[in-house]
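Asks: Pasting work_19.pdb here (PDB, C-alpha atoms):
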ATOM      1  CA  MET A   1      -7.447  -5.579 -67.447  1.00  0.00           C
ATOM      2  CA  GLU A   2      -8.282  -8.448 -65.115  1.00  0.00           C
ATOM      3  CA  VAL A   3      -5.802  -7.546 -62.361  1.00  0.00           C
ATOM      4  CA  PRO A   4      -7.539  -5.912 -59.340  1.00  0.00           C
ATOM      5  CA  THR A   5      -4.928  -3.193 -58.933  1.00  0.00           C
ATOM      6  CA  GLU A   6      -6.839  -1.441 -56.166  1.00  0.00           C
ATOM      7  CA  ASP A   7      -6.209  -4.460 -53.902  1.00  0.00           C
ATOM      8  CA  ILE A   8      -2.487  -4.595 -54.550  1.00  0.00           C
ATOM      9  CA  THR A   9       0.042  -2.703 -52.447  1.00  0.00           C
ATOM     10  CA  THR A  10       3.296  -3.912 -53.945  1.00  0.00           C
ATOM     11  CA  ASN A  11       6.484  -2.638 -52.382  1.00  0.00           C
ATOM     12  CA  PHE A  12       9.513  -2.801 -54.636  1.00  0.00           C
ATOM     13  CA  ALA A  13      11.829  -1.258 -52.053  1.00  0.00           C
ATOM     14  CA  ASP A  14      13.644  -4.570 -51.668  1.00  0.00           C
ATOM     15  CA  LEU A  15      14.465  -4.753 -55.378  1.00  0.00           C
ATOM     16  CA  PRO A  16      17.718  -3.279 -56.699  1.00  0.00           C
ATOM     17  CA  GLN A  17      16.910   0.207 -57.875  1.00  0.00           C
ATOM     18  CA  GLY A  18      17.728   1.686 -61.266  1.00  0.00           C
ATOM     19  CA  PRO A  19      16.140   3.704 -64.075  1.00  0.00           C
ATOM     20  CA  LEU A  20      15.035   0.640 -66.025  1.00  0.00           C
ATOM     21  CA  LEU A  21      13.407  -0.964 -62.998  1.00  0.00           C
ATOM     22  CA  LYS A  22      11.584   2.275 -62.209  1.00  0.00           C
ATOM     23  CA  GLU A  23      10.476   2.425 -65.824  1.00  0.00           C
ATOM     24  CA  MET A  24       9.054  -1.088 -65.594  1.00  0.00           C
ATOM     25  CA  VAL A  25       7.216  -0.291 -62.379  1.00  0.00           C
ATOM     26  CA  ASP A  26       5.736   2.898 -63.841  1.00  0.00           C
ATOM     27  CA  THR A  27       4.464   1.051 -66.921  1.00  0.00           C
ATOM     28  CA  GLY A  28       2.983  -1.835 -64.924  1.00  0.00           C
ATOM     29  CA  VAL A  29       5.210  -4.518 -66.441  1.00  0.00           C
ATOM     30  CA  PHE A  30       5.166  -6.398 -63.125  1.00  0.00           C
ATOM     31  CA  PHE A  31       1.486  -7.438 -63.193  1.00  0.00           C
ATOM     32  CA  GLY A  32       1.083 -11.161 -63.803  1.00  0.00           C
ATOM     33  CA  ARG A  33      -2.035 -13.335 -63.991  1.00  0.00           C
ATOM     34  CA  LYS A  34      -4.068 -14.741 -61.149  1.00  0.00           C
ATOM     35  CA  LYS A  35      -2.360 -17.633 -59.426  1.00  0.00           C
ATOM     36  CA  SER A  36      -4.979 -20.079 -60.727  1.00  0.00           C
ATOM     37  CA  LYS A  37      -4.070 -19.166 -64.316  1.00  0.00           C
ATOM     38  CA  THR A  38      -0.305 -19.191 -63.886  1.00  0.00           C
ATOM     39  CA  ASN A  39       1.773 -21.874 -65.586  1.00  0.00           C
ATOM     40  CA  PRO A  40       3.909 -23.647 -62.943  1.00  0.00           C
ATOM     41  CA  LYS A  41       6.897 -23.412 -65.303  1.00  0.00           C
ATOM     42  CA  MET A  42       6.836 -19.634 -64.876  1.00  0.00           C
ATOM     43  CA  LYS A  43       7.604 -19.877 -61.165  1.00  0.00           C
ATOM     44  CA  PRO A  44      11.266 -18.768 -61.606  1.00  0.00           C
ATOM     45  CA  PHE A  45       9.997 -15.458 -63.007  1.00  0.00           C
ATOM     46  CA  ILE A  46       7.603 -14.674 -60.132  1.00  0.00           C
ATOM     47  CA  PHE A  47       8.538 -12.333 -57.294  1.00  0.00           C
ATOM     48  CA  GLY A  48       5.493 -12.888 -55.101  1.00  0.00           C
ATOM     49  CA  ASN A  49       1.734 -12.716 -54.902  1.00  0.00           C
ATOM     50  CA  ARG A  50      -0.471  -9.774 -53.962  1.00  0.00           C
ATOM     51  CA  GLY A  51      -4.233 -10.075 -53.638  1.00  0.00           C
ATOM     52  CA  GLY A  52      -4.229 -13.349 -55.574  1.00  0.00           C
ATOM     53  CA  VAL A  53      -2.261 -11.828 -58.447  1.00  0.00           C
ATOM     54  CA  GLU A  54       1.240 -12.975 -59.321  1.00  0.00           C
ATOM     55  CA  ILE A  55       3.879 -10.245 -59.280  1.00  0.00           C
ATOM     56  CA  ILE A  56       6.596 -10.697 -61.874  1.00  0.00           C
ATOM     57  CA  ASP A  57      10.219 -10.483 -60.747  1.00  0.00           C
ATOM     58  CA  LEU A  58      11.450  -7.403 -62.570  1.00  0.00           C
ATOM     59  CA  ASN A  59      15.045  -8.452 -62.117  1.00  0.00           C
ATOM     60  CA  LYS A  60      14.238 -11.456 -64.291  1.00  0.00           C
ATOM     61  CA  THR A  61      12.434  -9.232 -66.781  1.00  0.00           C
ATOM     62  CA  LEU A  62      15.488  -6.998 -66.966  1.00  0.00           C
ATOM     63  CA  GLU A  63      17.794  -9.974 -67.519  1.00  0.00           C
ATOM     64  CA  GLU A  64      15.590 -11.415 -70.248  1.00  0.00           C
ATOM     65  CA  ILE A  65      14.970  -8.164 -72.141  1.00  0.00           C
ATOM     66  CA  GLU A  66      18.726  -7.587 -72.255  1.00  0.00           C
ATOM     67  CA  ARG A  67      19.261 -11.130 -73.543  1.00  0.00           C
ATOM     68  CA  ALA A  68      16.557 -10.615 -76.184  1.00  0.00           C
ATOM     69  CA  GLN A  69      18.043  -7.267 -77.201  1.00  0.00           C
ATOM     70  CA  GLY A  70      21.434  -8.873 -77.694  1.00  0.00           C
ATOM     71  CA  PHE A  71      19.892 -11.457 -80.012  1.00  0.00           C
ATOM     72  CA  LEU A  72      17.954  -8.820 -81.973  1.00  0.00           C
ATOM     73  CA  ARG A  73      21.016  -6.590 -82.361  1.00  0.00           C
ATOM     74  CA  GLU A  74      23.001  -9.519 -83.720  1.00  0.00           C
ATOM     75  CA  LYS A  75      20.259 -10.510 -86.181  1.00  0.00           C
ATOM     76  CA  ALA A  76      19.685  -6.904 -87.266  1.00  0.00           C
ATOM     77  CA  SER A  77      23.395  -6.354 -87.898  1.00  0.00           C
ATOM     78  CA  ALA A  78      23.283  -9.340 -90.252  1.00  0.00           C
ATOM     79  CA  GLY A  79      20.319  -7.866 -92.145  1.00  0.00           C
ATOM     80  CA  GLY A  80      17.730 -10.066 -90.425  1.00  0.00           C
ATOM     81  CA  LEU A  81      14.023  -9.844 -91.259  1.00  0.00           C
ATOM     82  CA  PHE A  82      11.639  -9.677 -88.294  1.00  0.00           C
ATOM     83  CA  LEU A  83       7.934 -10.528 -88.311  1.00  0.00           C
ATOM     84  CA  PHE A  84       5.843  -8.806 -85.622  1.00  0.00           C
ATOM     85  CA  VAL A  85       2.759 -10.595 -84.284  1.00  0.00           C
ATOM     86  CA  ALA A  86       0.422  -8.778 -81.892  1.00  0.00           C
ATOM     87  CA  THR A  87      -3.329  -9.000 -82.410  1.00  0.00           C
ATOM     88  CA  GLN A  88      -4.779  -7.849 -79.080  1.00  0.00           C
ATOM     89  CA  PRO A  89      -6.250  -4.299 -78.818  1.00  0.00           C
ATOM     90  CA  PRO A  90      -3.613  -2.974 -76.335  1.00  0.00           C
ATOM     91  CA  ALA A  91      -0.951  -3.727 -78.956  1.00  0.00           C
ATOM     92  CA  VAL A  92      -2.243  -1.233 -81.539  1.00  0.00           C
ATOM     93  CA  ASP A  93       1.161   0.478 -81.651  1.00  0.00           C
ATOM     94  CA  VAL A  94       2.634  -2.566 -83.377  1.00  0.00           C
ATOM     95  CA  VAL A  95       1.528  -1.247 -86.786  1.00  0.00           C
ATOM     96  CA  SER A  96       3.375   2.067 -86.512  1.00  0.00           C
ATOM     97  CA  LEU A  97       6.403   0.273 -85.064  1.00  0.00           C
ATOM     98  CA  ALA A  98       6.529  -2.210 -87.926  1.00  0.00           C
ATOM     99  CA  ARG A  99       6.100   0.594 -90.459  1.00  0.00           C
ATOM    100  CA  GLU A 100       8.934   2.549 -88.847  1.00  0.00           C
ATOM    101  CA  LEU A 101      11.217  -0.475 -89.041  1.00  0.00           C
ATOM    102  CA  GLY A 102      10.027  -1.531 -92.490  1.00  0.00           C
ATOM    103  CA  ALA A 103       9.009  -4.889 -91.044  1.00  0.00           C
ATOM    104  CA  PRO A 104       6.045  -7.162 -91.803  1.00  0.00           C
ATOM    105  CA  VAL A 105       3.298  -7.406 -89.179  1.00  0.00           C
ATOM    106  CA  VAL A 106       0.275  -9.475 -88.244  1.00  0.00           C
ATOM    107  CA  GLU A 107      -2.055  -7.208 -86.293  1.00  0.00           C
ATOM    108  CA  LYS A 108      -5.490  -8.747 -86.814  1.00  0.00           C
ATOM    109  CA  ARG A 109      -5.415 -12.493 -87.373  1.00  0.00           C
ATOM    110  CA  TRP A 110      -2.737 -15.075 -87.976  1.00  0.00           C
ATOM    111  CA  ILE A 111      -3.361 -16.919 -91.235  1.00  0.00           C
ATOM    112  CA  GLY A 112      -2.621 -20.612 -90.919  1.00  0.00           C
ATOM    113  CA  GLY A 113       0.368 -21.530 -93.052  1.00  0.00           C
ATOM    114  CA  THR A 114       1.909 -18.052 -93.058  1.00  0.00           C
ATOM    115  CA  LEU A 115       5.242 -19.724 -92.355  1.00  0.00           C
ATOM    116  CA  THR A 116       4.766 -23.424 -93.093  1.00  0.00           C
ATOM    117  CA  ASN A 117       3.018 -22.717 -96.406  1.00  0.00           C
ATOM    118  CA  PHE A 118       4.960 -19.577 -97.205  1.00  0.00           C
ATOM    119  CA  ASN A 119       5.158 -20.056-100.982  1.00  0.00           C
ATOM    120  CA  THR A 120       1.362 -19.984-101.272  1.00  0.00           C
ATOM    121  CA  ILE A 121       1.070 -16.975 -98.971  1.00  0.00           C
ATOM    122  CA  TYR A 122       3.752 -15.133-100.953  1.00  0.00           C
ATOM    123  CA  LYS A 123       1.856 -15.703-104.197  1.00  0.00           C
ATOM    124  CA  ARG A 124      -1.238 -14.166-102.584  1.00  0.00           C
ATOM    125  CA  ILE A 125       0.844 -11.187-101.485  1.00  0.00           C
ATOM    126  CA  GLU A 126       2.131 -10.720-105.041  1.00  0.00           C
ATOM    127  CA  TYR A 127      -1.401 -10.978-106.433  1.00  0.00           C
ATOM    128  CA  PHE A 128      -2.659  -8.452-103.879  1.00  0.00           C
ATOM    129  CA  GLN A 129       0.106  -5.963-104.691  1.00  0.00           C
ATOM    130  CA  LYS A 130      -0.415  -6.269-108.452  1.00  0.00           C
ATOM    131  CA  THR A 131      -4.199  -5.905-108.254  1.00  0.00           C
ATOM    132  CA  LYS A 132      -3.911  -2.955-105.874  1.00  0.00           C
ATOM    133  CA  ASN A 133      -1.431  -1.259-108.195  1.00  0.00           C
ATOM    134  CA  ASP A 134      -3.576  -1.958-111.274  1.00  0.00           C
ATOM    135  CA  LEU A 135      -6.615  -0.428-109.589  1.00  0.00           C
ATOM    136  CA  ALA A 136      -4.617   2.666-108.607  1.00  0.00           C
ATOM    137  CA  THR A 137      -3.094   3.203-112.052  1.00  0.00           C
ATOM    138  CA  GLY A 138      -6.267   2.597-114.029  1.00  0.00           C
ATOM    139  CA  ALA A 139      -4.949  -0.570-115.654  1.00  0.00           C
ATOM    140  CA  LEU A 140      -8.256  -2.264-114.892  1.00  0.00           C
ATOM    141  CA  ASP A 141     -10.448   0.387-116.509  1.00  0.00           C
ATOM    142  CA  LYS A 142     -10.971  -1.977-119.450  1.00  0.00           C
ATOM    143  CA  TYR A 143     -13.081  -4.174-117.166  1.00  0.00           C
ATOM    144  CA  THR A 144     -16.783  -3.584-116.558  1.00  0.00           C
ATOM    145  CA  LYS A 145     -17.892  -1.608-113.536  1.00  0.00           C
ATOM    146  CA  LYS A 146     -19.181  -4.796-111.908  1.00  0.00           C
ATOM    147  CA  GLU A 147     -15.869  -6.576-112.467  1.00  0.00           C
ATOM    148  CA  ARG A 148     -13.912  -3.643-111.019  1.00  0.00           C
ATOM    149  CA  LEU A 149     -16.152  -3.547-107.937  1.00  0.00           C
ATOM    150  CA  THR A 150     -15.517  -7.254-107.422  1.00  0.00           C
ATOM    151  CA  LEU A 151     -11.768  -6.704-107.669  1.00  0.00           C
ATOM    152  CA  GLU A 152     -11.949  -3.735-105.286  1.00  0.00           C
ATOM    153  CA  LYS A 153     -13.797  -5.845-102.711  1.00  0.00           C
ATOM    154  CA  GLU A 154     -11.271  -8.644-103.124  1.00  0.00           C
ATOM    155  CA  THR A 155      -8.375  -6.223-102.757  1.00  0.00           C
ATOM    156  CA  LYS A 156      -9.896  -4.730 -99.611  1.00  0.00           C
ATOM    157  CA  ARG A 157     -10.352  -8.201 -98.141  1.00  0.00           C
ATOM    158  CA  LEU A 158      -6.765  -9.148 -98.946  1.00  0.00           C
ATOM    159  CA  ASP A 159      -5.519  -5.863 -97.496  1.00  0.00           C
ATOM    160  CA  GLU A 160      -7.129  -6.737 -94.171  1.00  0.00           C
ATOM    161  CA  MET A 161      -5.717 -10.257 -94.289  1.00  0.00           C
ATOM    162  CA  ILE A 162      -2.196  -9.808 -95.639  1.00  0.00           C
ATOM    163  CA  GLY A 163      -1.674  -6.072 -96.116  1.00  0.00           C
ATOM    164  CA  GLY A 164       0.843  -6.056 -93.277  1.00  0.00           C
ATOM    165  CA  LEU A 165       2.877  -8.832 -94.891  1.00  0.00           C
ATOM    166  CA  VAL A 166       3.913  -7.095 -98.124  1.00  0.00           C
ATOM    167  CA  SER A 167       7.498  -6.798 -96.873  1.00  0.00           C
ATOM    168  CA  LEU A 168       7.631 -10.499 -95.971  1.00  0.00           C
ATOM    169  CA  VAL A 169       9.770 -11.351 -98.998  1.00  0.00           C
ATOM    170  CA  LYS A 170      11.181 -14.472 -97.362  1.00  0.00           C
ATOM    171  CA  LEU A 171      10.773 -16.484 -94.206  1.00  0.00           C
ATOM    172  CA  PRO A 172      11.595 -14.246 -91.217  1.00  0.00           C
ATOM    173  CA  ASP A 173      14.735 -14.663 -89.175  1.00  0.00           C
ATOM    174  CA  ALA A 174      12.704 -14.214 -85.994  1.00  0.00           C
ATOM    175  CA  LEU A 175       9.149 -13.692 -84.756  1.00  0.00           C
ATOM    176  CA  ILE A 176       8.546 -10.885 -82.265  1.00  0.00           C
ATOM    177  CA  MET A 177       5.227 -11.208 -80.473  1.00  0.00           C
ATOM    178  CA  VAL A 178       3.121 -10.144 -77.537  1.00  0.00           C
ATOM    179  CA  ASN A 179       1.292 -12.863 -75.598  1.00  0.00           C
ATOM    180  CA  PRO A 180       2.168 -16.280 -77.086  1.00  0.00           C
ATOM    181  CA  ILE A 181      -1.032 -17.703 -75.557  1.00  0.00           C
ATOM    182  CA  LEU A 182      -3.066 -15.798 -78.167  1.00  0.00           C
ATOM    183  CA  HIS A 183      -0.800 -16.878 -81.009  1.00  0.00           C
ATOM    184  CA  GLU A 184      -0.462 -20.625 -80.598  1.00  0.00           C
ATOM    185  CA  SER A 185      -0.558 -21.252 -84.356  1.00  0.00           C
ATOM    186  CA  ALA A 186       2.244 -18.760 -84.986  1.00  0.00           C
ATOM    187  CA  VAL A 187       4.333 -20.309 -82.210  1.00  0.00           C
ATOM    188  CA  ARG A 188       3.722 -23.806 -83.529  1.00  0.00           C
ATOM    189  CA  GLU A 189       4.710 -22.871 -87.103  1.00  0.00           C
ATOM    190  CA  ALA A 190       7.826 -21.005 -85.998  1.00  0.00           C
ATOM    191  CA  ARG A 191       8.998 -23.914 -83.843  1.00  0.00           C
ATOM    192  CA  ARG A 192       8.367 -26.383 -86.639  1.00  0.00           C
ATOM    193  CA  LEU A 193      10.662 -24.378 -88.923  1.00  0.00           C
ATOM    194  CA  GLY A 194      13.227 -23.513 -86.256  1.00  0.00           C
ATOM    195  CA  ILE A 195      12.506 -19.775 -86.378  1.00  0.00           C
ATOM    196  CA  PRO A 196      13.437 -18.079 -83.062  1.00  0.00           C
ATOM    197  CA  ILE A 197      10.677 -16.375 -81.079  1.00  0.00           C
ATOM    198  CA  VAL A 198      11.076 -13.228 -78.968  1.00  0.00           C
ATOM    199  CA  ALA A 199       7.993 -12.614 -76.852  1.00  0.00           C
ATOM    200  CA  LEU A 200       6.560 -10.516 -74.072  1.00  0.00           C
ATOM    201  CA  ALA A 201       4.806 -13.258 -72.117  1.00  0.00           C
ATOM    202  CA  ASN A 202       2.697 -13.252 -68.973  1.00  0.00           C
ATOM    203  CA  THR A 203       2.712 -15.847 -66.210  1.00  0.00           C
ATOM    204  CA  ASP A 204       0.203 -18.091 -68.009  1.00  0.00           C
ATOM    205  CA  SER A 205       2.704 -18.842 -70.794  1.00  0.00           C
ATOM    206  CA  ASP A 206       4.841 -21.923 -71.359  1.00  0.00           C
ATOM    207  CA  PRO A 207       8.487 -20.775 -71.295  1.00  0.00           C
ATOM    208  CA  ASP A 208       9.629 -23.977 -72.993  1.00  0.00           C
ATOM    209  CA  LEU A 209       8.040 -22.808 -76.268  1.00  0.00           C
ATOM    210  CA  ILE A 210       9.729 -19.392 -76.426  1.00  0.00           C
ATOM    211  CA  ASP A 211      13.395 -18.849 -77.253  1.00  0.00           C
ATOM    212  CA  TYR A 212      13.612 -15.347 -75.742  1.00  0.00           C
ATOM    213  CA  LEU A 213      10.811 -14.959 -73.230  1.00  0.00           C
ATOM    214  CA  VAL A 214      10.503 -11.560 -71.567  1.00  0.00           C
ATOM    215  CA  PRO A 215       8.185 -11.959 -68.557  1.00  0.00           C
ATOM    216  CA  GLY A 216       5.761  -9.052 -68.332  1.00  0.00           C
ATOM    217  CA  ASN A 217       2.238  -7.718 -68.411  1.00  0.00           C
ATOM    218  CA  THR A 218       0.629  -8.432 -71.790  1.00  0.00           C
ATOM    219  CA  SER A 219      -2.701  -6.748 -70.978  1.00  0.00           C
ATOM    220  CA  ALA A 220      -1.691  -3.101 -70.612  1.00  0.00           C
ATOM    221  CA  ARG A 221      -0.787  -0.802 -73.476  1.00  0.00           C
ATOM    222  CA  LYS A 222       1.993   0.940 -71.513  1.00  0.00           C
ATOM    223  CA  SER A 223       3.673  -2.361 -70.722  1.00  0.00           C
ATOM    224  CA  ILE A 224       3.479  -3.469 -74.365  1.00  0.00           C
ATOM    225  CA  GLN A 225       4.833  -0.087 -75.491  1.00  0.00           C
ATOM    226  CA  TRP A 226       7.754  -0.532 -73.114  1.00  0.00           C
ATOM    227  CA  PHE A 227       8.551  -3.907 -74.709  1.00  0.00           C
ATOM    228  CA  PHE A 228       8.251  -2.513 -78.230  1.00  0.00           C
ATOM    229  CA  GLU A 229      10.562   0.404 -77.429  1.00  0.00           C
ATOM    230  CA  LYS A 230      13.256  -1.967 -76.180  1.00  0.00           C
ATOM    231  CA  VAL A 231      12.849  -4.154 -79.251  1.00  0.00           C
ATOM    232  CA  LYS A 232      12.971  -1.179 -81.611  1.00  0.00           C
ATOM    233  CA  GLY A 233      16.073   0.226 -79.955  1.00  0.00           C
ATOM    234  CA  ALA A 234      17.924  -3.072 -80.286  1.00  0.00           C
ATOM    235  CA  ILE A 235      17.021  -3.509 -83.954  1.00  0.00           C
ATOM    236  CA  GLN A 236      17.979   0.055 -84.804  1.00  0.00           C
ATOM    237  CA  GLU A 237      21.300  -0.297 -82.986  1.00  0.00           C
ATOM    238  CA  GLY A 238      22.008  -3.515 -84.841  1.00  0.00           C
ATOM    239  CA  ARG A 239      21.253  -1.944 -88.203  1.00  0.00           C
ATOM    240  CA  LYS A 240      23.544   0.986 -87.483  1.00  0.00           C
ATOM    241  CA  SER A 241      26.431  -1.404 -87.028  1.00  0.00           C
ATOM    242  CA  VAL A 242      26.055  -2.745 -90.562  1.00  0.00           C
ATOM    243  CA  PRO A 243      28.995  -1.415 -92.626  1.00  0.00           C
ATOM    244  CA  PRO A 244      27.971   0.577 -95.720  1.00  0.00           C
ATOM    245  CA  PRO A 245      28.366  -1.221 -99.030  1.00  0.00           C
ATOM    246  CA  VAL A 246      31.757  -0.661-100.610  1.00  0.00           C
ATOM    247  CA  ALA A 247      31.500   0.996-103.990  1.00  0.00           C
ATOM    248  CA  ALA A 248      33.198  -0.955-106.729  1.00  0.00           C
ATOM    249  CA  GLU A 249      36.371   0.757-107.854  1.00  0.00           C
ATOM    250  CA  LYS A 250      36.409   1.865-111.456  1.00  0.00           C
ATOM    251  CA  SER A 251      39.005   0.101-113.496  1.00  0.00           C
ATOM    252  CA  ASN A 252      41.023   1.654-116.277  1.00  0.00           C
ATOM    253  CA  GLU A 253      41.003  -1.699-118.002  1.00  0.00           C
ATOM    254  CA  PRO A 254      38.529  -1.983-120.886  1.00  0.00           C
ATOM    255  CA  GLU A 255      35.537  -4.202-120.152  1.00  0.00           C
ATOM    256  CA  ASN A 256      36.251  -7.851-121.007  1.00  0.00           C
ATOM    257  CA  GLY A 257      39.737  -6.714-122.012  1.00  0.00           C
ATOM    258  CA  ARG A 258      38.532  -5.099-125.238  1.00  0.00           C
ATOM    259  CA  SER A 259      39.646  -1.678-126.377  1.00  0.00           C
TER     260      SER A 259
END
Kindly present the structure from the file in structure tokens form.
Replies:
Amino acid sequence: MEVPTEDITTNFADLPQGPLLKEMVDTGVFFGRKKSKTNPKMKPFIFGNRGGVEIIDLNKTLEEIERAQGFLREKASAGGLFLFVATQPPAVDVVSLARELGAPVVEKRWIGGTLTNFNTIYKRIEYFQKTKNDLATGALDKYTKKERLTLEKETKRLDEMIGGLVSLVKLPDALIMVNPILHESAVREARRLGIPIVALANTDSDPDLIDYLVPGNTSARKSIQWFFEKVKGAIQEGRKSVPPPVAAEKSNEPENGRS
């Protein structure tokens, strides 16, 4: 982490106190970038500067995470599909989070056209799933050993590329990401298609590109975990509010009116 924490003596005594604010302080959400790297548009989200490092206004972070949660709850209650994008090492927990929520995830590299060329990507996903299943069930035993090895290598390569996207059965209703700076292609594709973006973004980000920007530290695992927990909670709450499907009542009338 590039922030020289040993030189910072931040006093949050003048901030309104509360459990969520304490939580954000404890997880280091308040650490921004160096002033020289900060986007001027992020000024409204900055509390001050300590040792050359911007300190994020946690009141703003609190406001924005609550706004993002409201959006996610609403989308989740309508059965929305969320695509998680987080490729930096501190965001390793994104895989288990996506698996828990049954959501697609990009955790290594964004493939150009994932959204804007979705039909092609989806065909590759279908091919990957079929080949993987055929290898597991022995359906490819009729091929030569060399041919099977080639297919195994291809399947492994596809697993690394698109294995996290098998549940991306349609274009997502929202992208949820950490650090938009690292995912410019994903941001560009989502904006082109009008897909909302929820992001944990540091002070070097452009807020004009993100629909629900949560200002916070994108370099520390604890800070990213904090963001993911808030996101997960909102999605789970939204899904709980979905009414169960109503079972069709059995009719005493013969089908098609025939006896």
Asks: Would you compute, for all listed atoms of range 72-77 of chain A, the axis-aligned bounding box grown by 4 Å on each side, and then report its centre and edge lengths in Å rounded to one decimal, as JSON?
Replies:
{"center_x": 20.7, "center_y": -8.4, "center_z": -84.9, "size_x": 13.4, "size_y": 12.2, "size_z": 13.9}
Asks: So what do you get for CA of Pro215 in chain A versus CA of Lys60 in chain A, distance-wise?
Replies: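 Distance between the two atoms: 7.4 Å.
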Asks: Env of Arg33 in chain A: 10 Å cut, atoms = all atoms listed in the file, seq-sep filter 3 positions within chain, self excluded. Answer as a ChimeraX atom specification.
Replies: /A:2-3,36-39,49,52-56,202-205,216-219
Asks: For the structure shown, which residues end up in the PyMOL selection byres ((chain A and resi 210) around 9)? Put them as a CSV table (one decimal) with C-alpha atoms, in the coordinates of the input, please?
Replies:
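The resulting file, part-v9.csv, is reproduced below:
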chain,number,residue,atom,x,y,z
A,180,PRO,CA,2.2,-16.3,-77.1
A,187,VAL,CA,4.3,-20.3,-82.2
A,191,ARG,CA,9.0,-23.9,-83.8
A,196,PRO,CA,13.4,-18.1,-83.1
A,197,ILE,CA,10.7,-16.4,-81.1
A,198,VAL,CA,11.1,-13.2,-79.0
A,199,ALA,CA,8.0,-12.6,-76.9
A,201,ALA,CA,4.8,-13.3,-72.1
A,206,ASP,CA,4.8,-21.9,-71.4
A,207,PRO,CA,8.5,-20.8,-71.3
A,208,ASP,CA,9.6,-24.0,-73.0
A,209,LEU,CA,8.0,-22.8,-76.3
A,211,ASP,CA,13.4,-18.8,-77.3
A,212,TYR,CA,13.6,-15.3,-75.7
A,213,LEU,CA,10.8,-15.0,-73.2
Asks: Provide the CA of Ile125 in chain A to CA of Pro90 in chain A distance in Å, to one decimal place.
Replies: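 For CA of Ile125 in chain A relative to CA of Pro90 in chain A, the distance reads 26.8 Å.
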Asks: Given the PyMOL selection byres ((chain A and resi 131) around 12) and the file above, list the residues it selects as a list in words.
Replies: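 Applying the PyMOL selection byres ((chain A and resi 131) around 12) to the structure shown produces Arg124, Ile125, Glu126, Tyr127, Phe128, Gln129, Lys130, Lys132, Asn133, Asp134, Leu135, Ala136, Thr137, Gly138, Ala139, Leu140, Arg148, Thr150, Leu151, Glu152, Lys153, Glu154, Thr155, Lys156, Leu158 and Asp159 of chain A.
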Asks: For CA of Arg99 in chain A and CA of Leu21 in chain A, determine how far apart the two atoms are, in Å to one decimal place.
Replies: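 According to the coordinates, CA of Arg99 in chain A and CA of Leu21 in chain A are separated by 28.5 Å.
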Asks: Please identify all polymer residues lying at most 10 Å from the point (9.8, -4.4, -65.5) (file coordinates), using all atoms listed in the file, and present the result as an MDAnalysis selection string.
Replies: chainID A and resid 20:31 56:63 65 214:217 223 226:227
Asks: Can you spell out as a PyMOL selection string the set of residues that the PyMOL selection byres ((chain A and resi 87) around 7) selects in the structure I just provided?
Replies: chain A and resi 85-86+88-89+91+106-109
Asks: So, with only C-alpha atoms as the atoms that count, which of A:Arg221, A:Lys123, A:Lys146, A:Lys230 lies closest to Ile176 in chain A?
Replies: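 Of the candidates, the smallest distance to Ile176 in chain A is held by A:Lys230.
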Asks: Using only C-alpha atoms - which residues lie no farther than 12 Å from the point (11.4, -4.0, -92.5) in the file's frame? Write them as JSON, numbers by chain.
Replies: {"A": [76, 79, 80, 81, 82, 83, 84, 95, 96, 97, 98, 99, 100, 101, 102, 103, 104, 105, 164, 165, 166, 167, 168, 169, 170, 172, 173, 232, 235, 236, 239]}
Asks: Restore N, CA and C atoms in range 180-189 of chain A and list the result as a short mmCIF file (atom, residue, chain, number, x, y, z; two decimals), keeping the file's coordinate frame.
Replies:
data_model
loop_
_atom_site.label_atom_id
_atom_site.label_comp_id
_atom_site.auth_asym_id
_atom_site.auth_seq_id
_atom_site.Cartn_x
_atom_site.Cartn_y
_atom_site.Cartn_z
N PRO A 180 2.16 -15.04 -76.31
CA PRO A 180 2.17 -16.28 -77.09
C PRO A 180 0.89 -17.10 -76.93
N ILE A 181 0.20 -16.96 -75.80
CA ILE A 181 -1.03 -17.70 -75.56
C ILE A 181 -2.05 -17.42 -76.66
N LEU A 182 -2.11 -16.18 -77.13
CA LEU A 182 -3.07 -15.80 -78.17
C LEU A 182 -2.61 -16.21 -79.56
N HIS A 183 -1.36 -16.61 -79.69
CA HIS A 183 -0.80 -16.88 -81.01
C HIS A 183 -0.18 -18.27 -81.08
N GLU A 184 -0.96 -19.25 -80.64
CA GLU A 184 -0.46 -20.62 -80.60
C GLU A 184 -0.07 -21.14 -81.98
N SER A 185 -0.86 -20.78 -83.00
CA SER A 185 -0.56 -21.25 -84.36
C SER A 185 0.77 -20.69 -84.84
N ALA A 186 0.99 -19.40 -84.58
CA ALA A 186 2.24 -18.76 -84.99
C ALA A 186 3.43 -19.41 -84.27
N VAL A 187 3.27 -19.67 -82.99
CA VAL A 187 4.33 -20.31 -82.21
C VAL A 187 4.63 -21.70 -82.76
N ARG A 188 3.57 -22.44 -83.03
CA ARG A 188 3.72 -23.81 -83.53
C ARG A 188 4.45 -23.83 -84.88
N GLU A 189 4.08 -22.92 -85.78
CA GLU A 189 4.71 -22.87 -87.10
C GLU A 189 6.18 -22.46 -87.01
#
